[in-house]
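Printed here is run10.tsv (TSV, C-alpha atoms):
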chain	number	residue	atom	x	y	z
A	63	MET	CA	3.23	-13.88	-17.04
A	64	ARG	CA	5.47	-16.71	-18.22
A	65	SER	CA	7.41	-16.48	-21.50
A	66	ASN	CA	10.93	-16.97	-22.71
A	67	THR	CA	11.08	-13.37	-23.94
A	68	VAL	CA	10.26	-11.94	-20.50
A	69	ALA	CA	12.72	-14.35	-18.85
A	70	VAL	CA	15.53	-13.38	-21.24
A	71	GLY	CA	14.72	-9.68	-20.77
A	72	LEU	CA	14.91	-9.99	-16.98
A	73	GLY	CA	18.13	-12.00	-17.28
A	74	VAL	CA	19.70	-9.26	-19.45
A	75	LEU	CA	18.50	-6.65	-16.91
A	76	GLY	CA	20.18	-8.67	-14.17
A	77	ILE	CA	23.46	-8.70	-16.11
A	78	ILE	CA	23.22	-4.90	-16.58
A	79	PHE	CA	22.69	-4.50	-12.82
A	80	VAL	CA	25.76	-6.66	-12.15
A	81	ILE	CA	27.87	-4.45	-14.45
A	82	VAL	CA	26.54	-1.27	-12.80
A	83	ALA	CA	27.28	-2.75	-9.35
A	84	ILE	CA	30.87	-3.49	-10.40
A	85	LEU	CA	31.31	0.03	-11.84
A	86	TYR	CA	30.03	1.60	-8.60
A	87	ALA	CA	32.34	-0.64	-6.55
A	88	ILE	CA	35.33	0.45	-8.67
A	89	GLY	CA	34.23	4.08	-8.51
A	90	GLY	CA	34.86	7.18	-10.63
A	91	VAL	CA	32.68	6.04	-13.53
A	92	LEU	CA	29.00	6.45	-12.68
A	93	PRO	CA	27.31	9.43	-10.97
A	94	THR	CA	25.68	8.77	-7.58
A	95	PHE	CA	22.96	11.43	-7.89
A	96	THR	CA	24.05	12.64	-4.44
A	97	SER	CA	26.22	15.55	-3.28
A	98	SER	CA	29.30	13.30	-3.24
A	99	GLY	CA	29.61	13.33	-7.06
A	100	VAL	CA	31.41	10.58	-8.97
A	101	ALA	CA	34.85	10.25	-7.32
A	102	GLY	CA	35.75	7.07	-5.40
A	103	PRO	CA	33.96	3.77	-4.92
A	104	HIS	CA	30.32	3.84	-3.80
A	105	TYR	CA	29.67	0.62	-1.94
A	106	LYS	CA	26.06	1.45	-0.95
A	107	HIS	CA	25.16	1.87	-4.62
A	108	ALA	CA	27.12	-1.28	-5.50
A	109	ILE	CA	25.25	-3.32	-2.86
A	110	LEU	CA	21.90	-1.94	-4.04
A	111	PHE	CA	22.56	-2.90	-7.68
A	112	ALA	CA	23.85	-6.34	-6.61
A	113	VAL	CA	20.54	-6.89	-4.76
A	114	LEU	CA	18.60	-5.64	-7.81
A	115	ALA	CA	20.60	-8.09	-9.97
A	116	VAL	CA	19.66	-10.98	-7.65
A	117	ALA	CA	16.00	-9.89	-7.77
A	118	SER	CA	16.11	-9.74	-11.58
A	119	PHE	CA	17.61	-13.23	-11.87
A	120	VAL	CA	14.98	-14.59	-9.43
A	121	ALA	CA	12.21	-12.89	-11.46
A	122	ALA	CA	13.72	-14.33	-14.68
A	123	ASN	CA	13.60	-17.80	-13.18
A	124	PHE	CA	9.93	-17.26	-12.23
A	125	ALA	CA	9.10	-15.99	-15.74
A	126	ARG	CA	10.73	-18.96	-17.47
A	127	PRO	CA	8.10	-21.40	-18.80
A	128	LYS	CA	8.13	-24.60	-16.74
A	129	ILE	CA	8.00	-28.10	-18.19
A	130	ALA	CA	5.08	-29.96	-16.57
B	1369	MET	CA	25.83	12.99	24.16
B	1370	ASN	CA	26.21	11.54	27.64
B	1371	LEU	CA	25.09	8.12	28.92
B	1372	ALA	CA	21.75	9.34	30.30
B	1373	GLN	CA	20.91	11.05	27.00
B	1374	ALA	CA	21.93	7.97	24.99
B	1375	LEU	CA	19.76	5.74	27.19
B	1376	PHE	CA	16.83	8.15	26.94
B	1377	MET	CA	17.16	8.26	23.16
B	1378	GLY	CA	17.35	4.45	23.07
B	1379	LEU	CA	14.19	4.12	25.15
B	1380	LEU	CA	12.39	6.77	23.08
B	1381	GLN	CA	13.41	5.24	19.76
B	1382	GLY	CA	12.68	1.65	20.75
B	1383	ALA	CA	9.31	2.49	22.29
B	1384	SER	CA	8.18	4.68	19.39
B	1385	GLU	CA	9.68	2.81	16.40
B	1386	LEU	CA	6.97	0.18	16.05
B	1387	PHE	CA	4.10	2.41	17.16
B	1388	PRO	CA	2.73	4.37	14.18
B	1389	VAL	CA	3.99	7.68	15.59
B	1390	SER	CA	7.41	8.13	13.87
B	1391	SER	CA	10.40	7.38	16.05
B	1392	LEU	CA	12.61	9.54	13.80
B	1393	GLY	CA	10.26	12.48	14.23
B	1394	HIS	CA	10.45	12.08	17.99
B	1395	ALA	CA	14.24	11.61	17.90
B	1396	VAL	CA	14.65	14.90	16.02
B	1397	LEU	CA	11.96	16.87	17.87
B	1398	VAL	CA	12.39	15.83	21.53
B	1399	PRO	CA	16.10	16.77	21.96
B	1400	SER	CA	15.33	20.21	20.51
B	1401	LEU	CA	12.40	20.69	22.89
B	1402	LEU	CA	14.61	19.61	25.82
B	1403	HIS	CA	17.30	22.10	24.67
B	1404	TRP	CA	19.97	19.41	24.55
B	1405	ARG	CA	23.25	20.65	23.21
B	1406	PHE	CA	24.03	17.94	20.68
B	1407	LYS	CA	23.08	18.74	17.11
B	1408	GLN	CA	20.97	16.53	14.87
B	1409	SER	CA	23.00	17.84	11.92
B	1410	ASP	CA	26.14	16.27	13.42
B	1411	PRO	CA	27.55	13.56	11.06
B	1412	SER	CA	27.38	10.97	13.87
B	1413	PHE	CA	23.67	11.55	14.63
B	1414	VAL	CA	22.22	9.51	11.75
B	1415	PRO	CA	24.60	6.54	12.37
B	1416	PHE	CA	23.62	6.73	16.08
B	1417	LEU	CA	19.93	6.56	15.14
B	1418	VAL	CA	20.66	3.65	12.81
B	1419	LEU	CA	22.47	1.89	15.68
B	1420	LEU	CA	19.33	2.33	17.81
B	1421	HIS	CA	17.31	0.93	14.90
B	1422	LEU	CA	19.59	-2.11	14.88
B	1423	GLY	CA	18.41	-2.75	18.44
B	1424	THR	CA	14.85	-2.67	17.11
B	1425	ALA	CA	15.70	-4.98	14.19
B	1426	THR	CA	17.31	-7.45	16.60
B	1427	ALA	CA	14.16	-7.42	18.73
B	1428	LEU	CA	12.05	-8.13	15.63
B	1429	LEU	CA	14.38	-10.94	14.56
B	1430	ILE	CA	14.00	-12.53	18.01
B	1431	LEU	CA	10.21	-12.05	18.00
B	1432	TYR	CA	9.83	-13.60	14.53
B	1433	ARG	CA	12.81	-15.98	14.67
B	1434	ALA	CA	10.83	-19.06	13.61
B	1435	GLN	CA	9.16	-17.18	10.76
B	1436	TRP	CA	12.47	-15.77	9.53
B	1437	VAL	CA	13.94	-19.27	9.35
B	1438	GLU	CA	10.93	-20.31	7.22
B	1439	ILE	CA	11.09	-17.14	5.11
B	1440	THR	CA	14.83	-17.54	4.43
B	1441	ARG	CA	14.40	-21.19	3.53
B	1442	GLY	CA	11.36	-20.32	1.41
B	1443	PHE	CA	13.26	-17.60	-0.46
B	1444	PHE	CA	16.08	-19.88	-1.58
B	1445	THR	CA	13.77	-22.78	-2.38
B	1446	ALA	CA	11.39	-20.66	-4.48
B	1447	ALA	CA	14.20	-18.69	-6.16
B	1448	ILE	CA	15.95	-21.87	-7.32
B	1449	ARG	CA	12.75	-23.69	-8.28
B	1450	GLY	CA	11.17	-20.65	-9.97
B	1451	GLN	CA	7.82	-21.37	-8.33
B	1452	MET	CA	6.08	-20.58	-5.03
B	1453	ARG	CA	4.37	-23.58	-3.49
B	1454	ASN	CA	3.56	-22.49	0.07
B	1455	ASP	CA	2.86	-19.40	2.18
B	1456	SER	CA	6.44	-19.01	3.43
B	1457	GLU	CA	7.80	-18.93	-0.12
B	1458	ARG	CA	5.16	-16.39	-1.18
B	1459	LEU	CA	5.84	-14.24	1.90
B	1460	ALA	CA	9.60	-14.30	1.17
B	1461	MET	CA	9.01	-12.99	-2.36
B	1462	LEU	CA	6.51	-10.39	-1.13
B	1463	LEU	CA	9.10	-9.09	1.33
B	1464	LEU	CA	11.72	-8.92	-1.44
B	1465	VAL	CA	9.35	-6.91	-3.66
B	1466	GLY	CA	8.38	-4.69	-0.72
B	1467	THR	CA	11.98	-4.03	0.34
B	1468	LEU	CA	13.50	-2.97	-3.00
B	1469	PRO	CA	11.69	0.41	-3.44
B	1470	ALA	CA	12.74	1.65	0.02
B	1471	ALA	CA	16.32	0.43	-0.49
B	1472	ALA	CA	16.62	2.17	-3.88
B	1473	LEU	CA	15.10	5.45	-2.71
B	1474	GLY	CA	17.17	5.33	0.51
B	1475	VAL	CA	20.45	5.02	-1.40
B	1476	PHE	CA	19.74	7.63	-4.06
B	1477	LEU	CA	18.04	10.22	-1.83
B	1478	GLU	CA	20.38	9.71	1.16
B	1479	SER	CA	21.96	13.17	1.28
B	1480	ARG	CA	18.63	14.98	0.85
B	1481	ILE	CA	17.06	12.84	3.56
B	1482	LYS	CA	19.93	13.53	5.98
B	1483	SER	CA	19.51	17.29	5.53
B	1484	LEU	CA	15.97	17.00	6.96
B	1485	PHE	CA	17.34	15.61	10.23
B	1486	ALA	CA	18.56	19.10	11.09
B	1487	SER	CA	15.07	20.60	11.20
B	1488	PRO	CA	12.77	19.99	14.19
B	1489	TYR	CA	10.19	22.31	12.55
B	1490	GLU	CA	9.89	20.02	9.55
B	1491	ALA	CA	9.75	16.96	11.84
B	1492	ALA	CA	6.85	18.52	13.78
B	1493	GLY	CA	5.04	19.48	10.57
B	1494	LEU	CA	5.49	16.00	9.11
B	1495	LEU	CA	4.22	14.51	12.38
B	1496	VAL	CA	0.93	16.35	11.82
B	1497	LEU	CA	0.84	15.03	8.23
B	1498	ASN	CA	1.51	11.52	9.57
B	1499	GLY	CA	-1.48	11.83	11.90
B	1500	LEU	CA	-3.73	12.89	9.02
B	1501	LEU	CA	-2.49	9.93	6.96
B	1502	MET	CA	-3.33	7.48	9.79
B	1503	LEU	CA	-6.86	8.87	10.03
B	1504	SER	CA	-7.23	8.73	6.23
B	1505	PHE	CA	-6.18	5.07	6.13
B	1506	GLU	CA	-8.86	4.20	8.67
B	1507	VAL	CA	-11.52	6.19	6.75
B	1508	LEU	CA	-10.61	4.30	3.55
B	1509	ARG	CA	-10.70	1.03	5.45
B	1510	ARG	CA	-14.13	1.65	7.00
B	1511	ARG	CA	-15.65	2.10	3.54
B	1512	ARG	CA	-14.82	-1.54	2.86
B	1513	GLU	CA	-15.94	-3.00	6.16
B	1514	ARG	CA	-19.13	-5.01	6.50
B	1515	GLY	CA	-20.81	-6.88	9.35
B	1516	THR	CA	-21.43	-5.77	12.88
B	1517	SER	CA	-18.87	-6.88	15.44
B	1518	ARG	CA	-15.17	-6.01	15.20
B	1519	GLU	CA	-14.25	-9.71	14.94
B	1520	GLU	CA	-16.69	-10.18	12.03
B	1521	GLN	CA	-15.31	-7.11	10.28
B	1522	GLU	CA	-11.73	-8.37	10.63
B	1523	SER	CA	-12.66	-11.84	9.34
B	1524	HIS	CA	-13.48	-10.32	5.92
B	1525	PHE	CA	-9.86	-9.32	5.42
B	1526	ALA	CA	-6.80	-11.36	4.48
B	1527	SER	CA	-3.53	-12.58	6.02
B	1528	ALA	CA	-0.15	-11.12	5.04
B	1529	GLU	CA	0.69	-14.00	2.68
B	1530	ARG	CA	-2.40	-13.23	0.54
B	1531	ILE	CA	-1.47	-9.63	-0.32
B	1532	SER	CA	-0.84	-9.06	-4.06
B	1533	PHE	CA	2.67	-8.37	-5.38
B	1534	ARG	CA	1.53	-5.00	-6.70
B	1535	ALA	CA	0.23	-4.07	-3.24
B	1536	ALA	CA	3.51	-5.26	-1.65
B	1537	ALA	CA	5.47	-3.02	-4.03
B	1538	ILE	CA	3.21	-0.03	-3.23
B	1539	VAL	CA	3.50	-0.65	0.53
B	1540	GLY	CA	7.28	-0.95	0.07
B	1541	ALA	CA	7.44	2.33	-1.83
B	1542	CYS	CA	5.37	3.98	0.92
B	1543	GLN	CA	7.97	2.70	3.38
B	1544	ALA	CA	10.51	5.00	1.72
B	1545	LEU	CA	8.45	8.00	2.89
B	1546	ALA	CA	9.37	7.04	6.43
B	1547	PHE	CA	12.93	8.26	5.81
B	1548	LEU	CA	11.36	11.64	6.42
B	1549	PRO	CA	11.44	12.36	10.18
B	1550	GLY	CA	7.80	12.68	11.24
B	1551	ILE	CA	6.39	10.08	8.84
B	1552	SER	CA	6.02	6.73	10.61
B	1553	ARG	CA	7.36	3.68	8.78
B	1554	SER	CA	5.15	1.29	10.68
B	1555	GLY	CA	2.17	3.64	10.34
B	1556	ILE	CA	2.50	4.04	6.60
B	1557	THR	CA	3.06	0.32	5.99
B	1558	ILE	CA	0.27	-0.78	8.34
B	1559	GLY	CA	-2.01	1.76	6.64
B	1560	GLY	CA	-0.93	0.53	3.20
B	1561	GLY	CA	-1.60	-3.04	4.29
B	1562	LEU	CA	-5.10	-2.07	5.50
B	1563	VAL	CA	-5.91	-0.39	2.19
B	1564	ALA	CA	-4.57	-3.50	0.39
B	1565	GLY	CA	-7.10	-5.61	2.30
B	1566	LEU	CA	-5.19	-7.05	5.27
B	1567	ARG	CA	-6.55	-7.51	8.78
B	1568	HIS	CA	-5.14	-5.00	11.29
B	1569	GLU	CA	-3.07	-7.66	13.07
B	1570	GLU	CA	-1.74	-9.04	9.76
B	1571	ALA	CA	-0.96	-5.54	8.48
B	1572	ALA	CA	1.13	-5.01	11.63
B	1573	ARG	CA	2.91	-8.36	11.17
B	1574	PHE	CA	3.69	-7.58	7.50
B	1575	SER	CA	4.94	-4.12	8.54
B	1576	PHE	CA	7.25	-5.57	11.20
B	1577	LEU	CA	8.62	-8.23	8.84
B	1578	LEU	CA	9.14	-5.62	6.11
B	1579	ALA	CA	11.06	-3.38	8.53
B	1580	THR	CA	13.77	-5.89	9.36
B	1581	PRO	CA	15.72	-6.13	6.05
B	1582	VAL	CA	15.67	-2.35	5.49
B	1583	ILE	CA	16.86	-1.58	9.03
B	1584	LEU	CA	19.56	-4.25	8.90
B	1585	GLY	CA	20.69	-2.97	5.48
B	1586	ALA	CA	20.88	0.61	6.75
B	1587	GLY	CA	22.84	-0.66	9.76
B	1588	VAL	CA	25.41	-2.39	7.58
B	1589	VAL	CA	26.15	0.81	5.66
B	1590	GLU	CA	25.76	3.45	8.41
B	1591	VAL	CA	27.08	1.97	11.66
B	1592	PRO	CA	30.74	1.59	10.53
B	1593	GLN	CA	30.82	5.42	10.20
B	1594	LEU	CA	29.89	5.65	13.88
B	1595	PHE	CA	32.81	3.51	15.01
B	1596	SER	CA	35.25	5.60	12.98
B	1597	SER	CA	34.00	9.01	14.16
B	1598	GLY	CA	35.42	8.97	17.71
B	1599	VAL	CA	32.07	9.05	19.53
B	1600	PRO	CA	31.39	7.27	22.88
B	1601	VAL	CA	30.52	3.92	21.34
B	1602	GLY	CA	29.88	2.11	24.66
B	1603	GLU	CA	27.18	4.59	25.66
B	1604	TYR	CA	25.61	4.42	22.22
B	1605	VAL	CA	25.56	0.61	22.30
B	1606	ALA	CA	23.88	0.75	25.74
B	1607	GLY	CA	21.22	2.96	24.13
B	1608	ALA	CA	20.79	0.41	21.33
B	1609	VAL	CA	20.30	-2.44	23.83
B	1610	LEU	CA	17.63	-0.45	25.67
B	1611	SER	CA	16.04	0.37	22.31
B	1612	GLY	CA	15.84	-3.35	21.51
B	1613	ILE	CA	14.20	-4.21	24.84
B	1614	ALA	CA	11.63	-1.40	24.43
B	1615	ALA	CA	10.94	-2.45	20.82
B	1616	TYR	CA	10.34	-6.07	21.81
B	1617	ALA	CA	7.81	-5.02	24.46
B	1618	SER	CA	6.17	-2.59	21.98
B	1619	ALA	CA	5.82	-5.26	19.30
B	1620	ARG	CA	4.20	-7.71	21.72
B	1621	PHE	CA	1.79	-5.02	22.86
B	1622	LEU	CA	0.91	-3.86	19.33
B	1623	LEU	CA	0.25	-7.35	17.96
B	1624	ARG	CA	-2.23	-7.83	20.79
B	1625	TYR	CA	-3.67	-4.30	20.38
B	1626	PHE	CA	-4.33	-4.67	16.64
B	1627	ARG	CA	-6.54	-7.73	17.18
B	1628	SER	CA	-9.26	-5.21	17.96
B	1629	GLY	CA	-7.64	-1.77	17.90
B	1630	ARG	CA	-7.28	0.76	15.09
B	1631	LEU	CA	-4.84	3.46	13.93
B	1632	ASP	CA	-7.08	6.40	14.91
B	1633	PRO	CA	-5.72	7.03	18.45
B	1634	TYR	CA	-2.17	7.23	17.07
B	1635	GLY	CA	-3.33	9.58	14.32
B	1636	TRP	CA	-4.83	11.97	16.84
B	1637	TYR	CA	-1.71	11.67	19.03
B	1638	CYS	CA	0.55	12.61	16.08
B	1639	ILE	CA	-1.55	15.65	15.21
B	1640	ALA	CA	-1.52	16.81	18.84
B	1641	ALA	CA	2.21	16.12	19.30
B	1642	GLY	CA	3.14	17.83	16.02
B	1643	LEU	CA	1.06	20.94	16.72
B	1644	SER	CA	2.35	21.12	20.32
B	1645	GLY	CA	5.92	20.75	19.06
B	1646	LEU	CA	5.46	23.53	16.51
B	1647	ALA	CA	4.02	25.83	19.18
B	1648	LEU	CA	6.79	25.06	21.67
B	1649	LEU	CA	9.50	25.59	19.05
B	1650	HIS	CA	7.90	28.81	17.79
B	1651	PHE	CA	7.66	30.35	21.25
B	1652	SER	CA	11.06	28.88	22.29
B	1653	LEU	CA	9.60	27.35	25.45

Structure encoded using structure tokens:
Amino acid sequence: MRSNTVAVGLGVLGIIFVIVAILYAIGGVLPTFTSSGVAGPHYKHAILFAVLAVASFVAANFARPKIA
Amino acid sequence: MNLAQALFMGLLQGASELFPVSSLGHAVLVPSLLHWRFKQSDPSFVPFLVLLHLGTATALLILYRAQWVEITRGFFTAAIRGQMRNDSERLAMLLLVGTLPAAALGVFLESRIKSLFASPYEAAGLLVLNGLLMLSFEVLRRRRERGTSREEQESHFASAERISFRAAAIVGACQALAFLPGISRSGITIGGGLVAGLRHEEAARFSFLLATPVILGAGVVEVPQLFSSGVPVGEYVAGAVLSGIAAYASARFLLRYFRSGRLDPYGWYCIAAGLSGLALLHFSL
């Protein structure tokens, strides 16, 4: 499934994941959906979203139409 | 936990981690059956188990060292190029797709998962469920088998690099179930690989490769807690080394076993072990 639209969408998703990772690393902004609540930095969540961002950018690169 | 207990736990974890019998289930159940005084609900227990898992991950890295070099190289090459041109590049992307569901579920369900480590009853019950799952995977697989001899049957199925991305994601999501003590990570991923059309030996290889990033990731986030909690780190590390040695021997054995063997014996073992554990716990023997 190669198209510029999909590639841009995945790129935007990657940027969102980067922002979420930064917010989790700073802490006190986003909920963790665990018993620990929102206070303090959450590095596990930050690492997860950083990995998801990398995966999104890789997927965006795969989805980008290639010039033969 | 004293040195003998740490070494026993290391041997138990390393020997059972790669067999489809749930090392976590055994790690929760066996100390309770032996009436050991340490509590699985103790905050240092999960980091200790993760440290033992790091021994297993190290053994897998050593066993597949050449493949991991190729996979790492293939990942960066394919990611930058935006295309997969060989099996190593495809396998690297399959492992990425397979790892993400377990990582996400592990992070967001962490506290709920940890609460299950306190219950040997649930571990025993889930061990029975794990056994039923192993038997079900083999039943599903046999419906697709043709030919007569075991070698002929296996030749109709694919290698790990040929699995679809959708199947890799499903196998990866199944891997998250193994956070439950009693559900075997290797069992559920080998079973998922079989249903996705892999040969037994290739399903085991894909399972072992898939295990390494998740275990290493869990180690990075959990083990620092162990070093800051005032526990006997030297004894725990000795347990982890023994776990690695046992895991290496287990992996070598299993790769040979799955050339012709199936999951059924482990399924029956899990059912028997789970039911025996429930009975022993119920009657406080």

**OP:** Just the residues within 7 Å of region 1616-1631 of chain B, please, counting all atoms listed in the file, with nothing from its chain fewer than 6 positions along; format it as an MDAnalysis selection string.
**Re:** chainID B and resid 1383 1386 1427:1428 1502:1503 1506 1518 1568:1569 1572

Should the cut-off be 10 Å, what would the residue list for chain A against chain B look like, counting only C-alpha atoms, as a tab-separated table (two decimals) with C-alpha atoms, in the coordinates of the input?
chain	number	residue	atom	x	y	z
A	94	THR	CA	25.68	8.77	-7.58
A	95	PHE	CA	22.96	11.43	-7.89
A	96	THR	CA	24.05	12.64	-4.44
A	97	SER	CA	26.22	15.55	-3.28
A	98	SER	CA	29.30	13.30	-3.24
A	105	TYR	CA	29.67	0.62	-1.94
A	106	LYS	CA	26.06	1.45	-0.95
A	107	HIS	CA	25.16	1.87	-4.62
A	109	ILE	CA	25.25	-3.32	-2.86
A	110	LEU	CA	21.90	-1.94	-4.04
A	111	PHE	CA	22.56	-2.90	-7.68
A	113	VAL	CA	20.54	-6.89	-4.76
A	114	LEU	CA	18.60	-5.64	-7.81
A	116	VAL	CA	19.66	-10.98	-7.65
A	117	ALA	CA	16.00	-9.89	-7.77
A	119	PHE	CA	17.61	-13.23	-11.87
A	120	VAL	CA	14.98	-14.59	-9.43
A	121	ALA	CA	12.21	-12.89	-11.46
A	122	ALA	CA	13.72	-14.33	-14.68
A	123	ASN	CA	13.60	-17.80	-13.18
A	124	PHE	CA	9.93	-17.26	-12.23
A	125	ALA	CA	9.10	-15.99	-15.74
A	126	ARG	CA	10.73	-18.96	-17.47
A	127	PRO	CA	8.10	-21.40	-18.80
A	128	LYS	CA	8.13	-24.60	-16.74

Original post:
Using all atoms listed in the file, which of A:Ala112, A:Val70, A:His104, A:Ser118 sits nearest Ala87 (chain A)?
Top reply: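 Residue with the minimum atom-to-atom distance to Ala87 (chain A): A:His104.
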
Original post:
Closest to Gly1423 (chain B) among B:Gln1381, B:Ser1652, B:Ser1390, B:Asn1454, using all atoms listed in the file?
Top reply: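 Nearest to Gly1423 (chain B): B:Gln1381.
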
Subject >> For CA of Leu1462 (chain B) and CA of Ala1546 (chain B), the interatomic separation in Å (one decimal) >> reply: 19.2 Å

**OP:** Using CA of Glu1457 (chain B) and CA of Ile78 (chain A) as the two end points, give the distance in Å to one decimal.
**Re:**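 Interatomic distance here is 26.6 Å.
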
**OP:** Can you pull out every residue within 6 Å of Ala1491 (chain B), counting only C-alpha atoms, but drop anything in the same chain fewer than 5 positions away, and send it as a list in words?
**Re:**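 Listed by chain and then number, they are Gly1393, Pro1549 and Gly1550 of chain B.
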
Original post:
Of the candidates B:Leu1548, B:Leu1392, B:Ala1535, B:Leu1401, which one gets nearest to Ser1644 (chain B) if we count only C-alpha atoms?
Top reply: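 Answer, going by the shortest atom-to-atom distance: B:Leu1401.
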